[in-house]
Amino acid sequence: MKIELGLKTDPIQTRYSFEWLFDLLAGEGIKNVQLGSFYELYWLEDSFFTDLRAEAQSRGLKIKSVFTAHRELGGFFVGDPRMERAARRGFDRLIEVAALVGADYAGSNPGAVYRDQADNKEAGGATYLRHLKQLSRKARSLGLKALTMEPMSSLAEPPTTPGEMRHYIGEMQADYAAHPDETLPAYLCGDISHGLCDQDKNIVHSNIDLFLAGLPMMCEFHFKNTDAIYSSTFGFNQEERKRGIVDLNEIRLLCDRQAGQWPVDDVVGYLEIGGPKTGRDYTDPHLREELRASLGALKSAFAY
């Protein structure tokens with residue numbers, strides 16, 4: 001099965017326009033866009049997003065997915081009804097934005113339990129899943145194909161372990177099976193750089209282990225590079241490929257070998273990197289070359 005390539009829009013925030021990015025992607029032959037959230041997204045008028053959709057389409061691009069960028073919808077895990085309501089309002093709007101730009105998917109990382117209140121983890125997960133089931137009904141009514149969630153790299157941010165992935169997705173798929181005319185499937189938005197280390201930096205689950213565990217529940221994923229204990233992330237230029245542990249050719253082989261396990265036929269892997277330091281006259285102008293270098297590495301590894 002062919003893995004399509006795309007880019008998450010995070011690195012242009014506050015420094016380049018969407019038009020600039022769309023021109024770059026069109027020039028690189030990258031057709032898929034994952035719209036990363038930004039503060040104004042939750043307050044902007046609908047017309048901003050219909051205009052954005054038109055700008056993408058005019059260049060032959062599709063905004064296929066909308067996904068959070070700043071862990072901003074984690075209020076379900078706090079145990080405060082005010083934070084819970086705020087997270088719900090934000091997620092409601094995220095889904096509306098996804099519909100306005102013509103996306104198939106909308107999603108987030110579920111949230112994080114405060115480390116000084118770790119006992120709230122189970123209740124927080126239940127709260128998140130209760131809301132996500134309700135949100136699934138809204139997403140269906142607006143024409144989306146599924147909701148997504150991202151497995152993370154910490155026990156404080158479920159789902160991380162294979163068991164947590166199966167529980168979260170299993171809860172949602174059971175609701176979908178019971179109400180197929182009212183709800184949507186839920187899938188993982190994976191990440192090839194996410195692995196789990198304990199507090200002593202011992203690897204509990206490698207990034208490859210977690211990617212393979214999540215793959216049968218995954219409709220899309222993020223490409224980024226990382227170090228041996230998953231503490232920093234970066235791209236795939238020549239220097240970064242030397243110091244990072246993610247081998248794109250290995251990921252390509254894994255994806256090909258598991259071709260029959262994907263739950264959808266149109267999987268997209270999105271480059272998700274921050275780019276150079278934001279807000280410096282000597283760094284921002286290098287964003288174009290950084291994106292082109294990483295996209296070039298992806299295209300080389302995933303050429304069909």
# chains A, B, ... in the order shown; residues from 1 in each chain; ligands from 1
$ residues_around --residues "Asp175 (chain A)" --least-positions-apart "3" --cutoff "12 Å" --atoms "only C-alpha atoms" --output "NGL selection string"
:A and (129-130 or 132-137 or 168-172 or 178-186)
$ write_last_selection --atoms "N, CA and C atoms" --output "PDB file, in the first residue's frame"
ATOM      1  N   LEU A 129     -13.037  10.023  27.071  1.00  0.00           N
ATOM      2  CA  LEU A 129     -13.746   9.099  26.189  1.00  0.00           C
ATOM      3  C   LEU A 129     -15.242   9.386  26.156  1.00  0.00           C
ATOM      4  N   ARG A 130     -15.806   9.785  27.286  1.00  0.00           N
ATOM      5  CA  ARG A 130     -17.233  10.141  27.295  1.00  0.00           C
ATOM      6  C   ARG A 130     -17.498  11.314  26.362  1.00  0.00           C
ATOM      7  N   LEU A 132     -15.530  12.271  23.863  1.00  0.00           N
ATOM      8  CA  LEU A 132     -15.199  11.937  22.484  1.00  0.00           C
ATOM      9  C   LEU A 132     -16.339  11.171  21.817  1.00  0.00           C
ATOM     10  N   LYS A 133     -17.028  10.348  22.571  1.00  0.00           N
ATOM     11  CA  LYS A 133     -18.188   9.647  22.013  1.00  0.00           C
ATOM     12  C   LYS A 133     -19.273  10.641  21.612  1.00  0.00           C
ATOM     13  N   GLN A 134     -19.488  11.649  22.417  1.00  0.00           N
ATOM     14  CA  GLN A 134     -20.462  12.681  22.060  1.00  0.00           C
ATOM     15  C   GLN A 134     -19.985  13.483  20.862  1.00  0.00           C
ATOM     16  N   LEU A 135     -18.700  13.805  20.841  1.00  0.00           N
ATOM     17  CA  LEU A 135     -18.142  14.565  19.729  1.00  0.00           C
ATOM     18  C   LEU A 135     -18.187  13.784  18.421  1.00  0.00           C
ATOM     19  N   SER A 136     -18.112  12.458  18.517  1.00  0.00           N
ATOM     20  CA  SER A 136     -18.196  11.625  17.326  1.00  0.00           C
ATOM     21  C   SER A 136     -19.521  11.842  16.602  1.00  0.00           C
ATOM     22  N   ARG A 137     -20.563  12.035  17.356  1.00  0.00           N
ATOM     23  CA  ARG A 137     -21.875  12.278  16.753  1.00  0.00           C
ATOM     24  C   ARG A 137     -21.910  13.622  16.029  1.00  0.00           C
ATOM     25  N   TYR A 168      -8.355   2.696  24.568  1.00  0.00           N
ATOM     26  CA  TYR A 168      -8.969   3.940  24.096  1.00  0.00           C
ATOM     27  C   TYR A 168      -9.681   3.734  22.752  1.00  0.00           C
ATOM     28  N   ILE A 169      -8.978   3.115  21.822  1.00  0.00           N
ATOM     29  CA  ILE A 169      -9.605   2.883  20.524  1.00  0.00           C
ATOM     30  C   ILE A 169     -10.718   1.855  20.643  1.00  0.00           C
ATOM     31  N   GLY A 170     -10.518   0.850  21.475  1.00  0.00           N
ATOM     32  CA  GLY A 170     -11.558  -0.165  21.663  1.00  0.00           C
ATOM     33  C   GLY A 170     -12.849   0.413  22.210  1.00  0.00           C
ATOM     34  N   GLU A 171     -12.742   1.336  23.161  1.00  0.00           N
ATOM     35  CA  GLU A 171     -13.935   2.006  23.699  1.00  0.00           C
ATOM     36  C   GLU A 171     -14.685   2.739  22.590  1.00  0.00           C
ATOM     37  N   MET A 172     -13.938   3.445  21.763  1.00  0.00           N
ATOM     38  CA  MET A 172     -14.579   4.220  20.701  1.00  0.00           C
ATOM     39  C   MET A 172     -15.166   3.323  19.621  1.00  0.00           C
ATOM     40  N   ALA A 178     -21.985  -0.109  18.087  1.00  0.00           N
ATOM     41  CA  ALA A 178     -23.332  -0.095  18.655  1.00  0.00           C
ATOM     42  C   ALA A 178     -24.216   0.965  18.015  1.00  0.00           C
ATOM     43  N   HIS A 179     -23.609   2.018  17.463  1.00  0.00           N
ATOM     44  CA  HIS A 179     -24.389   3.129  16.890  1.00  0.00           C
ATOM     45  C   HIS A 179     -23.797   3.550  15.538  1.00  0.00           C
ATOM     46  N   PRO A 180     -23.763   2.656  14.561  1.00  0.00           N
ATOM     47  CA  PRO A 180     -23.079   2.946  13.297  1.00  0.00           C
ATOM     48  C   PRO A 180     -23.730   4.049  12.476  1.00  0.00           C
ATOM     49  N   ASP A 181     -24.987   4.341  12.743  1.00  0.00           N
ATOM     50  CA  ASP A 181     -25.665   5.391  11.981  1.00  0.00           C
ATOM     51  C   ASP A 181     -25.561   6.756  12.644  1.00  0.00           C
ATOM     52  N   GLU A 182     -24.946   6.806  13.832  1.00  0.00           N
ATOM     53  CA  GLU A 182     -24.870   8.063  14.580  1.00  0.00           C
ATOM     54  C   GLU A 182     -23.440   8.529  14.813  1.00  0.00           C
ATOM     55  N   THR A 183     -22.486   7.603  14.747  1.00  0.00           N
ATOM     56  CA  THR A 183     -21.117   7.909  15.152  1.00  0.00           C
ATOM     57  C   THR A 183     -20.130   7.642  14.030  1.00  0.00           C
ATOM     58  N   LEU A 184     -18.863   7.895  14.334  1.00  0.00           N
ATOM     59  CA  LEU A 184     -17.763   7.660  13.400  1.00  0.00           C
ATOM     60  C   LEU A 184     -16.722   6.737  14.035  1.00  0.00           C
ATOM     61  N   PRO A 185     -15.879   6.122  13.230  1.00  0.00           N
ATOM     62  CA  PRO A 185     -14.740   5.403  13.801  1.00  0.00           C
ATOM     63  C   PRO A 185     -13.778   6.379  14.494  1.00  0.00           C
ATOM     64  N   ALA A 186     -12.958   5.858  15.360  1.00  0.00           N
ATOM     65  CA  ALA A 186     -11.841   6.607  15.932  1.00  0.00           C
ATOM     66  C   ALA A 186     -10.564   5.842  15.608  1.00  0.00           C
TER      67      ALA A 186
END
$ select_by_dssp --residues "region 32-267 of chain A" --states "strand (DSSP E)" --output "PyMOL selection string"
chain A and resi 32-36+62-67+105-108+146-149+186-191+196-197+203-205+218-223+225-226+233-234
$ residues_around --residues "region 192-195 of chain A" --least-positions-apart "3" --cutoff "12 Å" --atoms "only C-alpha atoms" --output "PyMOL selection string"
chain A and resi 150-155+157+159-162+189+198+201-215+218+220-235+244-248+250-252+254-255+269-273
$ residues_around --residues "region 4-11 of chain A" --least-positions-apart "2" --cutoff "7 Å" --atoms "only C-alpha atoms" --output "ChimeraX atom specification"
/A:2,13,30-36,69,267-275
$ write_last_selection --atoms "C-alpha atoms" --output "JSON list (two decimals), in the first residue's frame"
[["chain", "number", "residue", "atom", "x", "y", "z"],
["A", 2, "LYS", "CA", 1.28, 3.45, -0.87],
["A", 13, "GLN", "CA", 3.10, 29.94, 12.89],
["A", 30, "ILE", "CA", 3.29, 17.33, -1.62],
["A", 31, "LYS", "CA", -0.50, 17.24, -1.84],
["A", 32, "ASN", "CA", -1.68, 16.62, 1.75],
["A", 33, "VAL", "CA", -1.87, 19.17, 4.56],
["A", 34, "GLN", "CA", -2.55, 18.65, 8.24],
["A", 35, "LEU", "CA", -3.72, 21.95, 9.69],
["A", 36, "GLY", "CA", -2.09, 22.40, 13.09],
["A", 69, "ALA", "CA", -0.34, 21.58, 18.12],
["A", 267, "VAL", "CA", -2.79, 6.56, 4.99],
["A", 268, "VAL", "CA", -0.86, 9.85, 5.10],
["A", 269, "GLY", "CA", 2.40, 10.47, 6.94],
["A", 270, "TYR", "CA", 2.86, 14.15, 7.79],
["A", 271, "LEU", "CA", 6.21, 15.80, 8.42],
["A", 272, "GLU", "CA", 5.82, 17.41, 11.86],
["A", 273, "ILE", "CA", 8.79, 19.57, 12.84],
["A", 274, "GLY", "CA", 9.15, 22.96, 14.47],
["A", 275, "GLY", "CA", 11.84, 24.23, 12.14]]
$ select_by_dssp --residues "region 174-272 of chain A" --states "helix (DSSP H, G or I)" --output "number ranges by chain"
A: 174-178, 207-217, 238-243, 248-257
$ write_last_selection --atoms "C-alpha atoms" --output "mmCIF file, in the first residue's frame"
data_model
loop_
_atom_site.group_PDB
_atom_site.id
_atom_site.type_symbol
_atom_site.label_atom_id
_atom_site.label_comp_id
_atom_site.auth_asym_id
_atom_site.auth_seq_id
_atom_site.Cartn_x
_atom_site.Cartn_y
_atom_site.Cartn_z
ATOM 1 C CA ALA A 174 -17.435 -0.378 20.510
ATOM 2 C CA ASP A 175 -19.548 2.776 20.557
ATOM 3 C CA TYR A 176 -19.303 2.992 16.772
ATOM 4 C CA ALA A 177 -20.328 -0.664 16.394
ATOM 5 C CA ALA A 178 -23.332 -0.095 18.655
ATOM 6 C CA ASN A 207 9.446 3.956 19.048
ATOM 7 C CA ILE A 208 9.310 1.062 16.588
ATOM 8 C CA ASP A 209 7.475 -1.152 19.091
ATOM 9 C CA LEU A 210 4.839 1.509 19.713
ATOM 10 C CA PHE A 211 4.457 2.320 16.021
ATOM 11 C CA LEU A 212 3.874 -1.333 15.175
ATOM 12 C CA ALA A 213 1.471 -1.776 18.098
ATOM 13 C CA GLY A 214 -0.591 1.176 16.975
ATOM 14 C CA LEU A 215 -0.463 0.579 13.227
ATOM 15 C CA PRO A 216 -3.641 -1.579 12.993
ATOM 16 C CA MET A 217 -5.546 1.304 14.627
ATOM 17 C CA GLN A 238 21.735 15.361 6.240
ATOM 18 C CA GLU A 239 23.130 16.270 9.670
ATOM 19 C CA GLU A 240 19.900 15.335 11.468
ATOM 20 C CA ARG A 241 19.786 11.929 9.805
ATOM 21 C CA LYS A 242 23.283 11.227 11.140
ATOM 22 C CA ARG A 243 22.415 12.027 14.767
ATOM 23 C CA LEU A 248 13.130 6.373 7.017
ATOM 24 C CA ASN A 249 13.971 3.370 4.872
ATOM 25 C CA GLU A 250 13.252 1.093 7.829
ATOM 26 C CA ILE A 251 9.917 2.834 8.391
ATOM 27 C CA ARG A 252 9.070 2.360 4.714
ATOM 28 C CA LEU A 253 9.802 -1.375 4.973
ATOM 29 C CA LEU A 254 7.708 -1.692 8.136
ATOM 30 C CA CYS A 255 4.793 0.074 6.480
ATOM 31 C CA ASP A 256 5.041 -2.155 3.418
ATOM 32 C CA ARG A 257 5.288 -5.369 5.440
#
$ residues_around --residues "Met83 (chain A)" --least-positions-apart "6" --cutoff "12 Å" --atoms "only C-alpha atoms" --output "list in words"
Glu72, Leu73, Gly74, Gly75, Phe76, Phe77, Arg89, Gly90, Gly111, Gly124, Thr127 and Tyr128 of chain A
$ write_last_selection --atoms "N, CA and C atoms" --output "compact mmCIF listing (two decimals), in the first residue's frame"
# COMPACT_ATOMS: atom_id res chain seq x y z
N GLU A 72 -3.49 21.79 23.93
CA GLU A 72 -4.40 22.76 24.52
C GLU A 72 -5.77 22.21 24.88
N LEU A 73 -6.06 20.96 24.52
CA LEU A 73 -7.39 20.41 24.81
C LEU A 73 -7.31 19.32 25.88
N GLY A 74 -6.39 19.48 26.82
CA GLY A 74 -6.17 18.46 27.84
C GLY A 74 -6.99 18.61 29.10
N GLY A 75 -7.96 19.51 29.11
CA GLY A 75 -8.71 19.79 30.32
C GLY A 75 -9.58 18.65 30.82
N PHE A 76 -9.75 17.61 30.02
CA PHE A 76 -10.55 16.46 30.44
C PHE A 76 -9.87 15.70 31.59
N PHE A 77 -8.56 15.86 31.76
CA PHE A 77 -7.81 15.09 32.73
C PHE A 77 -7.55 15.83 34.05
N ARG A 89 -15.44 22.85 24.60
CA ARG A 89 -15.74 23.93 23.65
C ARG A 89 -14.66 24.01 22.57
N GLY A 90 -13.40 23.85 22.99
CA GLY A 90 -12.33 23.88 22.00
C GLY A 90 -12.43 22.74 21.01
N GLY A 111 -4.72 14.30 26.44
CA GLY A 111 -4.45 15.18 27.56
C GLY A 111 -3.45 14.56 28.50
N GLY A 124 -9.75 10.74 34.40
CA GLY A 124 -9.56 11.66 33.28
C GLY A 124 -9.75 10.97 31.95
N THR A 127 -13.41 10.49 31.37
CA THR A 127 -14.04 11.77 30.99
C THR A 127 -13.77 12.10 29.53
N TYR A 128 -12.52 11.94 29.13
CA TYR A 128 -12.16 12.18 27.72
C TYR A 128 -12.97 11.30 26.79
$ residues_around --residues "Phe18 (chain A)" --least-positions-apart "2" --cutoff "12 Å" --atoms "only C-alpha atoms" --output "JSON, numbers by chain"
{"A": [8, 9, 10, 11, 12, 13, 14, 15, 16, 20, 21, 22, 23, 24, 25, 33, 34, 35, 36, 48, 49, 51, 52, 53, 54, 55, 56, 59, 61, 63]}
$ atom_distance --atom1 "CA of Asn120 (chain A)" --atom2 "CA of Arg88 (chain A)"
18.1 Å
$ atom_distance --atom1 "CA of Leu147 (chain A)" --atom2 "CA of Ser108 (chain A)"
8.8 Å
$ closest_residue --among "A:Gly143, A:Pro110, A:Gly79, A:Gly125" --to "Ala98 (chain A)" --atoms "only C-alpha atoms"
A:Gly143
$ atom_distance --atom1 "CA of Ala126 (chain A)" --atom2 "CA of Gly102 (chain A)"
29.7 Å
$ closest_residue --among "A:Phe91, A:Tyr39, A:Phe302, A:Tyr105" --to "Leu144 (chain A)" --atoms "only C-alpha atoms"
A:Tyr105
$ closest_residue --among "A:Gln199, A:Tyr304, A:Glu28, A:Phe236" --to "Glu290 (chain A)" --atoms "only C-alpha atoms"
A:Phe236
$ closest_residue --among "A:Asp266, A:Glu289, A:Glu45, A:Asp119" --to "Arg93 (chain A)" --atoms "only C-alpha atoms"
A:Glu45
$ closest_residue --among "A:Val97, A:Thr68, A:Ala87, A:Gly60" --to "Asp46 (chain A)" --atoms "only C-alpha atoms"
A:Val97
